[in-house]
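*Asks:* Provided herewith: structure.csv, CSV, C-alpha atoms.
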```
chain,number,residue,atom,x,y,z
A,1,MET,CA,0.0,0.0,0.0
A,2,GLN,CA,2.8,2.4,0.8
A,3,THR,CA,4.4,1.6,-2.6
A,4,GLU,CA,1.1,2.5,-4.4
A,5,ALA,CA,0.7,5.7,-2.5
A,6,TRP,CA,4.3,6.6,-3.2
A,7,LYS,CA,3.8,6.0,-6.9
A,8,GLU,CA,0.7,8.1,-6.9
A,9,MET,CA,2.4,11.0,-5.2
A,10,ILE,CA,5.5,10.7,-7.5
A,11,SER,CA,3.1,10.9,-10.5
A,12,GLU,CA,1.5,14.1,-9.1
A,13,GLN,CA,4.9,15.6,-8.4
A,14,GLU,CA,6.1,14.9,-12.0
A,15,ALA,CA,2.9,16.5,-13.4
A,16,THR,CA,3.4,19.5,-11.1
A,17,ALA,CA,7.0,19.8,-12.2
A,18,CYS,CA,5.8,19.8,-15.8
A,19,CYS,CA,3.3,22.5,-15.0
A,20,CYS,CA,6.0,24.6,-13.3
A,21,SER,CA,8.3,24.1,-16.3
A,22,LEU,CA,5.5,25.2,-18.7
A,23,LEU,CA,4.8,28.3,-16.6
A,24,GLU,CA,8.5,29.2,-16.7
A,25,ARG,CA,8.7,28.8,-20.5
A,26,THR,CA,5.5,30.9,-21.0
A,27,SER,CA,6.5,33.7,-18.6
A,28,SER,CA,9.0,35.3,-20.9
A,29,HIS,CA,12.5,34.6,-22.3
A,30,ASN,CA,13.5,37.9,-20.6
A,31,PHE,CA,12.8,36.4,-17.2
A,32,ILE,CA,15.0,33.3,-17.9
A,33,ASP,CA,17.7,35.6,-19.3
A,34,HIS,CA,17.6,37.6,-16.1
A,35,HIS,CA,17.6,34.9,-13.6
A,36,GLY,CA,19.5,32.3,-15.7
A,37,LEU,CA,19.9,28.6,-14.8
A,38,VAL,CA,20.2,29.5,-11.1
A,39,GLU,CA,16.4,29.9,-10.7
A,40,GLU,CA,15.8,26.8,-12.8
A,41,LYS,CA,18.0,24.8,-10.5
A,42,LYS,CA,16.4,26.2,-7.4
A,43,GLY,CA,12.9,25.2,-8.8
A,44,ARG,CA,14.1,21.6,-9.4
A,45,GLN,CA,15.8,21.5,-6.0
A,46,HIS,CA,12.5,22.7,-4.4
A,47,ILE,CA,10.6,19.8,-6.1
A,48,GLU,CA,13.2,17.3,-5.0
A,49,ASP,CA,13.1,18.6,-1.5
A,50,ILE,CA,9.3,18.2,-1.4
A,51,SER,CA,9.7,14.6,-2.7
A,52,THR,CA,12.2,13.9,0.0
A,53,GLU,CA,10.0,15.3,2.7
A,54,GLU,CA,7.0,13.3,1.5
A,55,ILE,CA,9.0,10.1,1.5
A,56,ALA,CA,10.1,10.8,5.0
A,57,LEU,CA,6.5,11.5,6.0
A,58,MET,CA,5.4,8.2,4.6
A,59,GLU,CA,8.2,6.3,6.3
A,60,THR,CA,7.1,7.8,9.7
A,61,SER,CA,3.5,6.8,9.0
A,62,ASP,CA,3.8,3.7,11.2
A,63,ILE,CA,4.8,5.9,14.1
A,64,LEU,CA,1.9,8.3,13.5
A,65,PHE,CA,-0.6,5.5,12.9
A,66,PRO,CA,0.6,2.4,14.8
A,67,SER,CA,-0.8,-1.1,13.8
A,68,PRO,CA,-2.7,-2.9,16.5
A,69,ILE,CA,-0.8,-5.8,18.2
A,70,ALA,CA,-3.9,-8.0,18.6
A,71,GLY,CA,-7.0,-8.6,16.3
A,72,SER,CA,-8.0,-10.4,13.2
A,73,HIS,CA,-6.2,-10.2,9.9
A,74,SER,CA,-9.2,-8.5,8.2
A,75,HIS,CA,-9.4,-5.9,11.0
A,76,MET,CA,-5.7,-5.2,10.6
A,77,MET,CA,-6.1,-4.8,6.8
A,78,GLU,CA,-9.1,-2.4,7.3
A,79,GLN,CA,-7.1,-0.3,9.7
A,80,SER,CA,-4.2,-0.3,7.3
A,81,ASN,CA,-6.4,1.0,4.5
A,82,VAL,CA,-7.8,3.7,6.8
A,83,ARG,CA,-4.3,4.7,7.8
A,84,HIS,CA,-3.0,4.9,4.2
A,85,ARG,CA,-6.1,7.0,3.1
A,86,GLN,CA,-5.5,9.4,6.0
A,87,LEU,CA,-1.8,9.6,5.1
A,88,SER,CA,-2.6,10.1,1.4
A,89,SER,CA,-5.0,13.0,2.2
A,90,PHE,CA,-2.6,14.6,4.6
A,91,ALA,CA,0.3,14.3,2.1
A,92,HIS,CA,-1.9,15.7,-0.7
A,93,LEU,CA,-2.9,18.7,1.4
A,94,ILE,CA,0.7,19.6,2.2
A,95,PHE,CA,1.8,19.0,-1.3
A,96,ARG,CA,-0.9,21.1,-2.9
A,97,SER,CA,-0.4,23.9,-0.4
A,98,ARG,CA,3.3,24.1,-1.1
A,99,LEU,CA,2.6,23.8,-4.9
A,100,LEU,CA,0.2,26.8,-4.7
A,101,ILE,CA,2.7,28.9,-2.7
A,102,GLY,CA,5.5,28.0,-5.1
A,103,LEU,CA,3.4,29.0,-8.1
A,104,VAL,CA,2.3,32.3,-6.5
A,105,ILE,CA,6.0,33.2,-5.7
A,106,LEU,CA,7.1,32.2,-9.2
A,107,PHE,CA,4.3,34.3,-10.8
A,108,SER,CA,4.9,37.3,-8.5
A,109,ALA,CA,8.6,37.3,-9.2
A,110,GLY,CA,8.0,37.2,-12.9
A,111,THR,CA,5.5,40.0,-12.7
A,112,ILE,CA,7.8,42.2,-10.6
A,113,TYR,CA,10.7,41.6,-13.0
A,114,PHE,CA,8.6,42.4,-16.1
A,115,ALA,CA,7.1,45.5,-14.5
A,116,SER,CA,10.5,46.8,-13.6
A,117,SER,CA,11.8,46.1,-17.1
A,118,VAL,CA,8.9,47.9,-18.7
A,119,GLU,CA,9.3,50.9,-16.4
A,120,ALA,CA,13.0,51.0,-17.1
A,121,ALA,CA,12.5,50.8,-20.8
A,122,GLY,CA,11.0,54.2,-21.3
A,123,ILE,CA,11.6,54.2,-25.0
A,124,ASP,CA,8.7,54.2,-27.5
A,125,LEU,CA,10.1,52.5,-30.5
A,126,GLY,CA,6.9,51.4,-32.3
A,127,VAL,CA,6.2,47.9,-33.7
A,128,THR,CA,8.6,48.0,-36.6
A,129,ALA,CA,11.5,49.5,-34.7
A,130,GLN,CA,11.0,47.1,-31.8
A,131,LYS,CA,11.2,44.1,-34.2
A,132,ALA,CA,14.4,45.5,-35.7
A,133,TRP,CA,15.9,46.0,-32.2
A,134,ASP,CA,14.9,42.4,-31.2
A,135,SER,CA,16.5,41.1,-34.4
A,136,VAL,CA,19.8,42.9,-33.5
A,137,LEU,CA,19.8,41.4,-30.0
A,138,ASN,CA,19.1,37.9,-31.3
A,139,LYS,CA,22.0,38.1,-33.8
A,140,ALA,CA,24.5,39.5,-31.3
A,141,ASP,CA,26.8,37.3,-29.1
A,142,ALA,CA,26.2,37.1,-25.4
A,143,GLN,CA,28.7,39.8,-24.4
A,144,THR,CA,27.5,42.2,-27.2
A,145,LYS,CA,23.9,41.5,-26.3
A,146,LEU,CA,24.6,42.4,-22.7
A,147,THR,CA,26.4,45.7,-23.7
A,148,LEU,CA,23.5,46.6,-26.0
A,149,LYS,CA,20.9,45.9,-23.3
A,150,GLN,CA,22.8,48.0,-20.7
A,151,ALA,CA,23.0,50.9,-23.1
A,152,TYR,CA,19.3,50.6,-23.9
A,153,GLU,CA,18.4,50.5,-20.3
A,154,LYS,CA,20.6,53.5,-19.6
A,155,VAL,CA,18.5,55.5,-22.2
A,156,GLY,CA,15.3,54.2,-20.7
A,157,ASN,CA,16.4,55.3,-17.2
A,158,TRP,CA,17.2,58.8,-18.3
A,159,LYS,CA,13.9,59.0,-20.2
A,160,THR,CA,12.1,57.8,-17.2
A,161,GLN,CA,13.8,60.5,-15.1
A,162,GLU,CA,12.9,63.1,-17.6
A,163,GLN,CA,9.2,62.2,-17.4
A,164,ALA,CA,9.4,62.2,-13.6
A,165,TRP,CA,10.9,65.6,-13.5
A,166,GLU,CA,8.3,66.9,-16.0
A,167,GLN,CA,5.5,65.7,-13.7
A,168,LYS,CA,7.1,67.3,-10.7
A,169,ILE,CA,7.5,70.6,-12.6
A,170,LYS,CA,3.9,70.6,-13.6
A,171,THR,CA,2.8,70.0,-10.0
A,172,LEU,CA,5.1,72.6,-8.5
A,173,HIS,CA,4.4,75.2,-11.1
A,174,ALA,CA,0.6,74.8,-10.6
A,175,ALA,CA,1.1,75.3,-6.8
A,176,ASN,CA,3.3,78.3,-7.4
A,177,THR,CA,0.8,79.9,-9.7
A,178,ALA,CA,-2.0,79.4,-7.2
A,179,GLU,CA,0.1,80.8,-4.4
A,180,LEU,CA,1.1,83.8,-6.4
A,181,GLU,CA,-2.5,84.8,-6.9
A,182,ARG,CA,-3.3,84.4,-3.2
A,183,LEU,CA,-0.3,86.5,-2.2
A,184,ARG,CA,-1.2,89.2,-4.6
A,185,VAL,CA,-4.7,89.5,-3.2
A,186,GLU,CA,-3.4,89.4,0.4
A,187,ILE,CA,-0.7,92.0,-0.3
A,188,ARG,CA,-3.3,94.3,-1.9
A,189,GLN,CA,-5.5,93.9,1.2
A,190,THR,CA,-2.6,94.7,3.6
A,191,ASP,CA,-3.8,96.8,6.6
A,192,ASP,CA,-7.2,97.2,5.0
A,193,ALA,CA,-8.9,96.6,8.3
A,194,LYS,CA,-6.8,99.1,10.1
A,195,VAL,CA,-7.3,101.8,7.5
A,196,ALA,CA,-11.1,101.2,7.4
A,197,THR,CA,-11.3,101.4,11.2
A,198,LEU,CA,-9.4,104.8,11.3
A,199,ALA,CA,-11.5,106.1,8.4
A,200,GLU,CA,-14.7,105.2,10.3
A,201,LYS,CA,-13.3,107.0,13.4
A,202,VAL,CA,-12.8,110.2,11.4
A,203,LYS,CA,-16.3,110.0,10.0
A,204,GLN,CA,-17.8,109.4,13.5
A,205,THR,CA,-15.8,112.2,15.1
A,206,GLN,CA,-16.8,114.7,12.4
A,207,ALA,CA,-20.5,113.7,12.8
A,208,ARG,CA,-20.2,114.1,16.6
A,209,TYR,CA,-18.9,117.6,16.4
A,210,GLU,CA,-21.1,118.7,13.6
A,211,PRO,CA,-23.8,120.3,15.9
A,212,LEU,CA,-21.1,122.2,17.7
A,213,PHE,CA,-19.7,123.6,14.5
A,214,ALA,CA,-23.2,124.5,13.3
A,215,LEU,CA,-23.9,126.4,16.6
A,216,TYR,CA,-20.6,128.2,16.4
A,217,SER,CA,-21.3,129.3,12.9
A,218,SER,CA,-24.7,130.5,13.9
A,219,VAL,CA,-23.3,132.6,16.8
A,220,ASN,CA,-20.8,134.2,14.5
A,221,ARG,CA,-23.4,135.1,12.0
A,222,GLN,CA,-25.5,136.7,14.8
A,223,LEU,CA,-22.5,138.6,16.0
A,224,ASP,CA,-22.0,140.0,12.5
A,225,ALA,CA,-25.6,141.0,12.4
A,226,ALA,CA,-25.4,142.7,15.8
A,227,LYS,CA,-22.4,144.6,14.7
A,228,ALA,CA,-24.2,145.7,11.5
A,229,ILE,CA,-27.1,147.3,13.4
A,230,LYS,CA,-24.7,148.7,16.1
A,231,ASN,CA,-26.6,147.1,18.9
A,232,LYS,CA,-24.0,147.1,21.7
A,233,GLU,CA,-25.9,145.0,24.2
A,234,TRP,CA,-26.8,142.3,21.7
A,235,SER,CA,-23.2,142.4,20.3
A,236,ALA,CA,-21.8,141.9,23.8
A,237,ALA,CA,-24.1,139.0,24.6
A,238,ILE,CA,-23.3,137.3,21.3
A,239,ARG,CA,-19.6,138.0,21.7
A,240,THR,CA,-19.6,136.3,25.1
A,241,GLN,CA,-21.3,133.3,23.7
A,242,ALA,CA,-18.9,133.1,20.8
A,243,GLU,CA,-15.8,133.4,23.1
A,244,THR,CA,-17.2,130.5,25.2
A,245,LEU,CA,-17.6,128.3,22.2
A,246,ARG,CA,-14.3,129.2,20.6
A,247,PRO,CA,-12.0,126.9,22.7
A,248,VAL,CA,-14.4,124.0,22.5
A,249,VAL,CA,-14.5,124.3,18.8
A,250,LYS,CA,-10.8,124.5,18.7
A,251,LEU,CA,-10.5,121.2,20.7
A,252,ALA,CA,-13.0,119.6,18.4
A,253,ARG,CA,-11.1,120.6,15.3
A,254,GLU,CA,-7.8,119.4,16.9
A,255,ASP,CA,-9.5,116.0,17.6
A,256,ILE,CA,-10.6,115.7,14.0
A,257,ARG,CA,-7.1,116.7,12.8
A,258,ILE,CA,-5.4,114.1,14.9
A,259,LYS,CA,-7.8,111.4,13.7
A,260,LYS,CA,-7.2,112.4,10.1
A,261,LYS,CA,-3.5,112.4,10.6
A,262,GLU,CA,-3.6,108.8,12.0
A,263,LEU,CA,-5.6,107.8,9.0
A,264,ALA,CA,-3.1,109.4,6.6
A,265,GLU,CA,-0.2,107.7,8.4
A,266,ALA,CA,-1.9,104.3,8.3
A,267,ARG,CA,-2.5,104.7,4.5
A,268,LYS,CA,1.1,105.7,4.1
A,269,ARG,CA,2.3,102.6,6.0
A,270,LYS,CA,0.0,100.5,4.0
A,271,SER,CA,1.4,101.8,0.7
A,272,ALA,CA,5.0,101.3,2.0
A,273,GLU,CA,4.2,97.7,3.2
A,274,ILE,CA,2.6,96.8,-0.1
A,275,LYS,CA,5.6,98.1,-1.9
A,276,ARG,CA,8.0,96.1,0.3
A,277,LEU,CA,6.0,92.9,-0.1
A,278,ARG,CA,5.7,93.3,-3.8
A,279,ALA,CA,9.4,93.9,-4.0
A,280,MET,CA,9.9,90.6,-2.2
A,281,LEU,CA,7.5,88.9,-4.5
A,282,ALA,CA,9.4,90.3,-7.5
A,283,GLY,CA,12.4,88.4,-6.1
A,284,ALA,CA,11.1,85.4,-8.0
A,285,ASP,CA,11.3,87.1,-11.3
A,286,SER,CA,14.9,86.3,-11.8
A,287,ALA,CA,14.2,82.6,-11.3
A,288,LYS,CA,11.2,82.9,-13.7
A,289,LYS,CA,13.5,84.3,-16.4
A,290,GLN,CA,15.9,81.5,-15.9
A,291,ILE,CA,13.1,79.1,-16.2
A,292,GLN,CA,12.2,80.5,-19.6
A,293,THR,CA,15.8,80.1,-20.7
A,294,ALA,CA,15.9,76.5,-19.3
A,295,LYS,CA,12.7,75.7,-21.2
A,296,LYS,CA,14.4,76.7,-24.4
A,297,GLN,CA,17.3,74.5,-23.6
A,298,ALA,CA,14.9,71.6,-22.8
A,299,SER,CA,13.2,72.1,-26.2
A,300,LEU,CA,16.6,71.9,-27.9
A,301,ALA,CA,17.5,68.8,-25.8
A,302,LYS,CA,14.2,67.2,-26.8
A,303,GLU,CA,14.9,67.9,-30.5
A,304,ARG,CA,18.4,66.3,-30.1
A,305,TYR,CA,16.8,63.3,-28.4
A,306,SER,CA,14.3,62.9,-31.2
A,307,LYS,CA,17.0,63.1,-33.9
A,308,ALA,CA,19.1,60.6,-32.0
A,309,LEU,CA,16.1,58.3,-31.6
A,310,GLN,CA,15.6,58.4,-35.4
A,311,GLN,CA,19.2,57.6,-35.9
A,312,PHE,CA,19.0,54.6,-33.5
A,313,LYS,CA,15.9,53.3,-35.4
A,314,GLN,CA,17.8,53.6,-38.7
A,315,SER,CA,20.8,51.8,-37.3
A,316,THR,CA,18.7,48.9,-36.1
A,317,LYS,CA,17.3,48.4,-39.6
A,318,GLN,CA,20.9,48.2,-40.9
A,319,SER,CA,21.6,45.5,-38.3
A,320,GLN,CA,25.2,46.7,-37.7
A,321,THR,CA,25.9,46.2,-34.0
A,322,SER,CA,28.7,48.8,-33.8
A,323,ARG,CA,26.4,51.5,-35.3
A,324,VAL,CA,23.5,50.5,-33.1
A,325,LEU,CA,25.7,50.7,-30.0
A,326,SER,CA,27.1,54.1,-31.1
A,327,SER,CA,23.6,55.5,-31.7
A,328,LEU,CA,22.4,54.2,-28.4
A,329,ASN,CA,25.3,56.0,-26.6
A,330,THR,CA,24.3,59.2,-28.5
A,331,LEU,CA,20.7,58.7,-27.6
A,332,ALA,CA,21.6,58.1,-23.9
A,333,SER,CA,23.6,61.4,-23.9
A,334,ALA,CA,20.7,63.3,-25.4
A,335,ALA,CA,18.3,61.7,-22.9
A,336,GLU,CA,20.6,62.6,-20.0
A,337,LYS,CA,20.9,66.2,-21.3
A,338,TRP,CA,17.1,66.4,-21.6
A,339,ALA,CA,16.5,65.0,-18.1
A,340,GLY,CA,19.2,67.4,-16.7
A,341,THR,CA,17.4,70.5,-18.2
A,342,LYS,CA,14.1,69.3,-16.6
A,343,GLN,CA,15.8,68.9,-13.3
A,344,SER,CA,17.2,72.5,-13.6
A,345,ILE,CA,13.7,73.8,-14.3
A,346,HIS,CA,12.4,72.0,-11.2
A,347,THR,CA,15.2,73.5,-9.1
A,348,LEU,CA,14.3,77.0,-10.4
A,349,GLU,CA,10.6,76.3,-9.6
A,350,GLN,CA,11.7,75.4,-6.1
A,351,ASN,CA,13.5,78.8,-5.8
A,352,VAL,CA,10.3,80.5,-6.8
A,353,SER,CA,8.4,78.5,-4.2
A,354,THR,CA,11.0,79.5,-1.6
A,355,THR,CA,10.5,83.2,-2.4
A,356,TYR,CA,6.7,82.8,-2.0
A,357,VAL,CA,7.2,81.1,1.4
A,358,LYS,CA,9.2,84.0,2.6
A,359,VAL,CA,6.6,86.5,1.5
A,360,ARG,CA,3.9,84.3,3.2
A,361,GLN,CA,5.9,84.4,6.4
A,362,GLU,CA,6.2,88.2,6.3
A,363,ILE,CA,2.5,88.5,5.9
A,364,ALA,CA,1.8,86.2,8.7
A,365,LYS,CA,4.1,88.1,11.0
A,366,ARG,CA,2.2,91.4,10.6
A,367,PRO,CA,-0.3,92.1,13.4
A,368,LYS,CA,-3.9,91.6,12.3
```
Output the file's structure as structure tokens, nothing else.

*Replies:*
Amino acid sequence: MQTEAWKEMISEQEATACCCSLLERTSSHNFIDHHGLVEEKKGRQHIEDISTEEIALMETSDILFPSPIAGSHSHMMEQSNVRHRQLSSFAHLIFRSRLLIGLVILFSAGTIYFASSVEAAGIDLGVTAQKAWDSVLNKADAQTKLTLKQAYEKVGNWKTQEQAWEQKIKTLHAANTAELERLRVEIRQTDDAKVATLAEKVKQTQARYEPLFALYSSVNRQLDAAKAIKNKEWSAAIRTQAETLRPVVKLAREDIRIKKKELAEARKRKSAEIKRLRAMLAGADSAKKQIQTAKKQASLAKERYSKALQQFKQSTKQSQTSRVLSSLNTLASAAEKWAGTKQSIHTLEQNVSTTYVKVRQEIAKRPK
């Protein structure tokens, strides 16, 4: 019975090994090239280890399920059958679990490798150019093939960096643009509340003293009338009233003058502060001009990259390895230059952002 169970398990293991081998072949030739024979040997060793463990498990079955010392022969055979069925189910469960884990690990490793390869590629060749490139690789010897792949990956890495910098530039530029608009509004509104409060005080003060000024004007008109008719008694009475009101009116006018002076000074400070903050904001103009220059350099670098890419595609059609490698090196240099200009633009955008942060801090420090 043990021999039959062993044969059954060996058959399952052979089928599983075939399944694993088929999965390895269908994953991709790139995966095999990357991992080489080492991973294949590890997979075979894993199957052999499982087989060894199952054999050991079956050999210890007598210990796990001991045969009865006494009883009929048929009873002993029945117990032996039950024992082997239990052993077979237990072994199948362990084997299938390990097989599932192994397949998941194998598939995950392949997926991770191919994802990283695609991400590193970063070069859009098109169907025709891709076939020509694959043909060049297939015709090259092992060392040349490795050199070509390394040069190709180098181009892809620089192209990937260029795309990453471009995305960072867009994000940071959008943030800087929005912050600039907010800062302009806040600078324009500098000390608005203070000025409005002082202006309201002037208005209220003038309104409060308006009856006094009206009375004083009326008394003066009466005094002029009394003088005109040469009425001494009336003139004396009106003059006394006017002299009484005169210092009060003078104090009222002084109060209004002080309030207006405070308002004028506040408006002056507001203008000076707006001018100062706008000057700080203009500190980003230098970086913005440099960004425009860097963008022109990036456009030129992009053109050089496009031309180098066309040369690379042409060289792959000619299937001359030396020219393909030379064009790849030229393409890598162009991609590096392109990525470098994008990095410079991002650095300049960071300088703009730093300026805006300083202006924001100055606004925040001002008393509300």

*Asks:* May I have the residues at most 8 Å from (-16.1, 119.8, 17.4) in the file's coordinates, counting only C-alpha atoms, as a PyMOL selection string?

*Replies:* chain A and resi 205-206+208-213+248-253+255-256

*Asks:* Could you state the separation of atom CA of A:Ala237 and atom CA of A:Leu223 in Å, given to one decimal place?

*Replies:* 8.8 Å

*Asks:* Using 10 Å as the limit and counting all atoms listed in the file, can you tabulate each residue of stretch 109-195 of chain A that touches stretch 319-339 of chain A, with its shortest atom-to-atom distance in Å and the two atoms involved, as CSV?

*Replies:*
```
residue,atom,partner,partner_atom,distance
A:Ala132,CA,A:Ser319,CA,7.7
A:Trp133,CA,A:Ser319,CA,8.4
A:Ser135,CA,A:Ser319,CA,7.8
A:Val136,CA,A:Ser319,CA,5.7
A:Leu137,CA,A:Thr321,CA,8.7
A:Lys139,CA,A:Ser319,CA,8.7
A:Ala140,CA,A:Thr321,CA,7.4
A:Thr144,CA,A:Thr321,CA,8.0
A:Lys145,CA,A:Thr321,CA,9.2
A:Thr147,CA,A:Leu325,CA,8.1
A:Leu148,CA,A:Leu325,CA,6.1
A:Lys149,CA,A:Leu325,CA,9.5
A:Gln150,CA,A:Leu328,CA,9.9
A:Ala151,CA,A:Leu328,CA,6.3
A:Tyr152,CA,A:Leu328,CA,6.5
A:Glu153,CA,A:Ala332,CA,9.0
A:Lys154,CA,A:Ala332,CA,6.4
A:Val155,CA,A:Ala332,CA,4.4
A:Gly156,CA,A:Ala332,CA,8.1
A:Asn157,CA,A:Ala335,CA,8.8
A:Trp158,CA,A:Glu336,CA,5.4
A:Lys159,CA,A:Ala335,CA,5.8
A:Thr160,CA,A:Ala339,CA,8.5
A:Gln161,CA,A:Ala339,CA,6.0
A:Glu162,CA,A:Ala339,CA,4.1
A:Gln163,CA,A:Ala339,CA,7.8
A:Ala164,CA,A:Ala339,CA,8.9
A:Trp165,CA,A:Ala339,CA,7.3
A:Glu166,CA,A:Ala339,CA,8.7
```

*Asks:* Calculate how many Å separate atom CA of A:Leu180 from atom CA of A:Thr197, rounding to one decimal.

*Replies:*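 Between atom CA of A:Leu180 and atom CA of A:Thr197 the gap is 27.8 Å.
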
*Asks:* So what do you get for atom CA of A:Ala242 versus atom CA of A:Leu215, distance-wise?

*Replies:*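 Spanning atom CA of A:Ala242 to atom CA of A:Leu215 is a straight-line distance of 9.4 Å.
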
*Asks:* I need the residue nearest A:Glu200 from this list: A:Ala279, A:Ala301, A:Leu263, A:Ala225. Use all atoms listed in the file for the distance.

*Replies:*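 Looking at the shortest contact to A:Glu200, the residue is A:Leu263.
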
*Asks:* If you count only C-alpha atoms, which residues fall within 9 Å of stretch 345-347 of chain A, apart from same-chain ones fewer than 6 positions away, as a list in words?

*Replies:*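 After dropping sequence-adjacent residues, the list is Trp165, Glu166, Lys168, Ile169, Lys170, Leu172, His173, Gln290, Ile291, Gln292, Ala294, Lys295 and Ala298 of chain A.
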
*Asks:* Counting only C-alpha atoms, figure out which residue out of A:Leu309, A:Val352, A:Ala142, A:Ala364 gets nearest to A:Leu125.

*Replies:*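 Of A:Leu309, A:Val352, A:Ala142, A:Ala364, the one nearest A:Leu125 is A:Leu309, counting only C-alpha atoms.
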
*Asks:* With all atoms listed in the file as the basis for distance, which of A:Ser235, A:Ala199, A:Leu245, A:Ala308 is at the shortest distance from A:Ala264?

*Replies:*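 Distance minimum relative to A:Ala264 lands on A:Ala199.
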
*Asks:* With all atoms listed in the file as the basis for distance, which of A:Leu300, A:Arg267, A:Thr341, A:Val359 is at the shortest distance from A:Ala284?

*Replies:*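 The closest residue to A:Ala284 is A:Val359.
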